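Trainee: Structure incoming, see below.
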Amino acid sequence: MDLSRIVLSLPLRAEFVSIVRLTGSGIASRAGFDYDAVEDIKVCLSEACNSLLNDKKKKGISWETGVVIEFFVSGEKLTIKFAVEDAGDWEPSVETEGEDDYGLMIARALMDEFETNPEDGYIVSMMKNIEEID
C-alpha cells in the first residue's frame with residue numbers, strides 16, 4: 001500500500017501528544033501493520049515528542065513552537081520524521097546519551113531504523129518495516 005506523505009503540524013505542547021499517537025496509529029493500521037507493531041509505533045511517537053518537550057523545557061523556551069511530523073508510507077515501510085518550525089533561537093535536540101535517554105533507547109529498539117539530529121534537517125527520523133504475517 002502506498003499512502004504517500006501525510007503531514008501533521010501542531011504546537012509543541014504536551015496536550016497534543018495524544019493527537020500524534022492517534023494519527024500515527026491510524027496511518028500504521030491503514031498501512032498494514034499488526035496490532036503489536038502499531039503499539040510500538042505509538043510508543044516511539046510518544047518518546048520522540050517527550051524528548052523534544054523536555055529539551056524545550058530545559059532550555060527555558062516559552063513561545064509557541066510548532067512541530068511538523070511527516071509520515072511516509074512507501075512499499076512495505078513507514079518512515080516518520082520530526083522537524084521543528086518557528087523555533088527562533090532554539091536549536092532543538094534530543095538526548096541520545098545520559099540520564100534522559102531511556103525513552104529514546106526504547107524507540108531505537110522498537111524501530112528498524114532510528115536516528116536523532118540527522119543531517120537532512122530533521123530532529124528525529126525513524127522507520128519500521130511492515131512484516132509479513134503467515
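Convention: chains lettered A, B, ... in C-alpha cells order; per-chain residue numbering from 1; ligands numbered from 1 as shown.
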Which residues, written as a list in words, have at least one atom at most 6 Å from range 20-28 of chain A, with only C-alpha atoms counted and residues fewer than 5 positions away on the same chain left out?
Mentor: Phe33, Val38 and Lys42 of chain A
Trainee: Applying 12 Å and only C-alpha atoms, which residues near Leu78 in chain A remain after dropping the ones on its own chain fewer than 3 positions away? List them as a ChimeraX atom specification.
Mentor: /A:1-6,24-25,27-33,37-38,41,70-75,81,111-114,125-131
Trainee: Keeping only C-alpha atoms, write the selected residues as an mmCIF file, in the first residue's frame.
Mentor:
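Written output follows (result-v1.cif):
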```cif
data_model
loop_
_atom_site.group_PDB
_atom_site.id
_atom_site.type_symbol
_atom_site.label_atom_id
_atom_site.label_comp_id
_atom_site.auth_asym_id
_atom_site.auth_seq_id
_atom_site.Cartn_x
_atom_site.Cartn_y
_atom_site.Cartn_z
ATOM 1 C CA MET A 1 0.000 0.000 0.000
ATOM 2 C CA ASP A 2 1.270 3.455 -0.800
ATOM 3 C CA LEU A 3 -0.303 6.311 1.145
ATOM 4 C CA SER A 4 2.484 8.654 0.124
ATOM 5 C CA ARG A 5 3.062 11.506 2.543
ATOM 6 C CA ILE A 6 0.898 12.646 5.440
ATOM 7 C CA GLY A 24 0.335 7.528 13.832
ATOM 8 C CA SER A 25 -1.880 4.652 14.938
ATOM 9 C CA ILE A 27 -1.677 5.571 9.484
ATOM 10 C CA ALA A 28 0.161 2.444 10.676
ATOM 11 C CA SER A 29 -3.064 0.420 10.850
ATOM 12 C CA ARG A 30 -4.099 1.505 7.372
ATOM 13 C CA ALA A 31 -0.618 0.683 6.035
ATOM 14 C CA GLY A 32 -0.969 -2.928 7.210
ATOM 15 C CA PHE A 33 0.951 -3.120 10.476
ATOM 16 C CA ALA A 37 3.672 -3.015 15.634
ATOM 17 C CA VAL A 38 1.070 -0.231 15.833
ATOM 18 C CA ILE A 41 4.979 2.918 16.770
ATOM 19 C CA GLU A 70 5.828 13.689 8.336
ATOM 20 C CA PHE A 71 4.623 10.137 7.808
ATOM 21 C CA PHE A 72 5.770 8.417 4.611
ATOM 22 C CA VAL A 73 4.246 5.076 3.641
ATOM 23 C CA SER A 74 6.065 3.555 0.739
ATOM 24 C CA GLY A 75 6.075 -0.050 -0.280
ATOM 25 C CA LYS A 81 10.332 12.390 10.557
ATOM 26 C CA MET A 111 12.011 0.687 15.228
ATOM 27 C CA ASP A 112 14.034 -0.845 12.395
ATOM 28 C CA GLU A 113 15.908 2.434 11.885
ATOM 29 C CA PHE A 114 16.144 5.342 14.314
ATOM 30 C CA SER A 125 13.877 10.123 11.833
ATOM 31 C CA MET A 126 12.606 6.584 12.318
ATOM 32 C CA MET A 127 11.474 3.747 10.070
ATOM 33 C CA LYS A 128 9.613 0.473 10.564
ATOM 34 C CA ASN A 129 9.149 -2.295 8.005
ATOM 35 C CA ILE A 130 5.796 -3.999 7.601
ATOM 36 C CA GLU A 131 6.352 -7.647 8.399
#
```
Trainee: Give me every helix (DSSP H, G or I) residue in chain A, going by DSSP on the backbone, as a PDB file with C-alpha atoms, in the first residue's frame.
Mentor:
```
ATOM      1  CA  ALA A  14       2.141  18.035  25.931  1.00  0.00           C
ATOM      2  CA  GLU A  15      -1.616  18.090  25.374  1.00  0.00           C
ATOM      3  CA  PHE A  16      -1.096  17.342  21.672  1.00  0.00           C
ATOM      4  CA  VAL A  17       0.973  14.163  22.114  1.00  0.00           C
ATOM      5  CA  SER A  18      -2.222  12.081  22.087  1.00  0.00           C
ATOM      6  CA  ILE A  19      -3.122  13.530  18.665  1.00  0.00           C
ATOM      7  CA  VAL A  20       0.302  12.493  17.346  1.00  0.00           C
ATOM      8  CA  ARG A  21      -0.203   8.976  18.744  1.00  0.00           C
ATOM      9  CA  LEU A  22      -3.720   8.676  17.314  1.00  0.00           C
ATOM     10  CA  THR A  23      -2.632   9.909  13.886  1.00  0.00           C
ATOM     11  CA  GLY A  24       0.335   7.528  13.832  1.00  0.00           C
ATOM     12  CA  SER A  25      -1.880   4.652  14.938  1.00  0.00           C
ATOM     13  CA  GLY A  26      -4.362   5.281  12.134  1.00  0.00           C
ATOM     14  CA  ILE A  27      -1.677   5.571   9.484  1.00  0.00           C
ATOM     15  CA  ALA A  28       0.161   2.444  10.676  1.00  0.00           C
ATOM     16  CA  SER A  29      -3.064   0.420  10.850  1.00  0.00           C
ATOM     17  CA  ARG A  30      -4.099   1.505   7.372  1.00  0.00           C
ATOM     18  CA  ALA A  31      -0.618   0.683   6.035  1.00  0.00           C
ATOM     19  CA  TYR A  35      -1.555  -4.630  16.460  1.00  0.00           C
ATOM     20  CA  ASP A  36       1.797  -5.049  18.244  1.00  0.00           C
ATOM     21  CA  ALA A  37       3.672  -3.015  15.634  1.00  0.00           C
ATOM     22  CA  VAL A  38       1.070  -0.231  15.833  1.00  0.00           C
ATOM     23  CA  GLU A  39       1.515  -0.116  19.614  1.00  0.00           C
ATOM     24  CA  ASP A  40       5.310   0.010  19.197  1.00  0.00           C
ATOM     25  CA  ILE A  41       4.979   2.918  16.770  1.00  0.00           C
ATOM     26  CA  LYS A  42       2.733   4.788  19.223  1.00  0.00           C
ATOM     27  CA  VAL A  43       5.340   4.355  21.979  1.00  0.00           C
ATOM     28  CA  CYS A  44       8.074   5.676  19.689  1.00  0.00           C
ATOM     29  CA  LEU A  45       5.998   8.707  18.717  1.00  0.00           C
ATOM     30  CA  SER A  46       5.378   9.495  22.384  1.00  0.00           C
ATOM     31  CA  GLU A  47       9.037   9.197  23.281  1.00  0.00           C
ATOM     32  CA  ALA A  48      10.146  11.454  20.421  1.00  0.00           C
ATOM     33  CA  CYS A  49       7.562  14.090  21.417  1.00  0.00           C
ATOM     34  CA  ASN A  50       8.507  13.841  25.090  1.00  0.00           C
ATOM     35  CA  SER A  51      12.188  14.228  24.303  1.00  0.00           C
ATOM     36  CA  LEU A  52      11.526  17.421  22.321  1.00  0.00           C
ATOM     37  CA  LEU A  53       9.258  18.729  25.089  1.00  0.00           C
ATOM     38  CA  ASN A  54      11.939  18.018  27.707  1.00  0.00           C
ATOM     39  CA  ASP A  55      14.575  19.778  25.593  1.00  0.00           C
ATOM     40  CA  LYS A  56      12.289  22.793  25.198  1.00  0.00           C
ATOM     41  CA  LYS A  57      11.661  22.906  28.966  1.00  0.00           C
ATOM     42  CA  LYS A  58      15.360  22.517  29.868  1.00  0.00           C
ATOM     43  CA  TYR A 102      15.734   5.787  28.241  1.00  0.00           C
ATOM     44  CA  GLY A 103      12.671   6.613  26.164  1.00  0.00           C
ATOM     45  CA  LEU A 104      14.734   7.069  23.033  1.00  0.00           C
ATOM     46  CA  MET A 105      16.617   3.845  23.758  1.00  0.00           C
ATOM     47  CA  ILE A 106      13.231   2.094  23.756  1.00  0.00           C
ATOM     48  CA  ALA A 107      12.299   3.814  20.497  1.00  0.00           C
ATOM     49  CA  ARG A 108      15.624   2.803  18.956  1.00  0.00           C
ATOM     50  CA  ALA A 109      14.964  -0.818  19.952  1.00  0.00           C
ATOM     51  CA  LEU A 110      11.381  -0.871  18.639  1.00  0.00           C
TER      52      LEU A 110
END
```
Trainee: Where does DSSP see strand (DSSP E or B) in chain A, if you list the residues as a count of residues only?
Mentor: 36
Trainee: For each of A:Val124, A:Leu12, A:Val94, A:Ile80, take the minimum atom-to-atom distance to Thr65 in chain A, counting only C-alpha atoms, then give the residue where this is smallest.
Mentor: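 Of A:Val124, A:Leu12, A:Val94, A:Ile80, the one nearest Thr65 in chain A, counting only C-alpha atoms, is A:Leu12.
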Trainee: To one decimal place, how far is CA of Lys77 in chain A from CA of Arg13 in chain A in Å?
Mentor: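 Between these atoms lies a distance of 28.1 Å.
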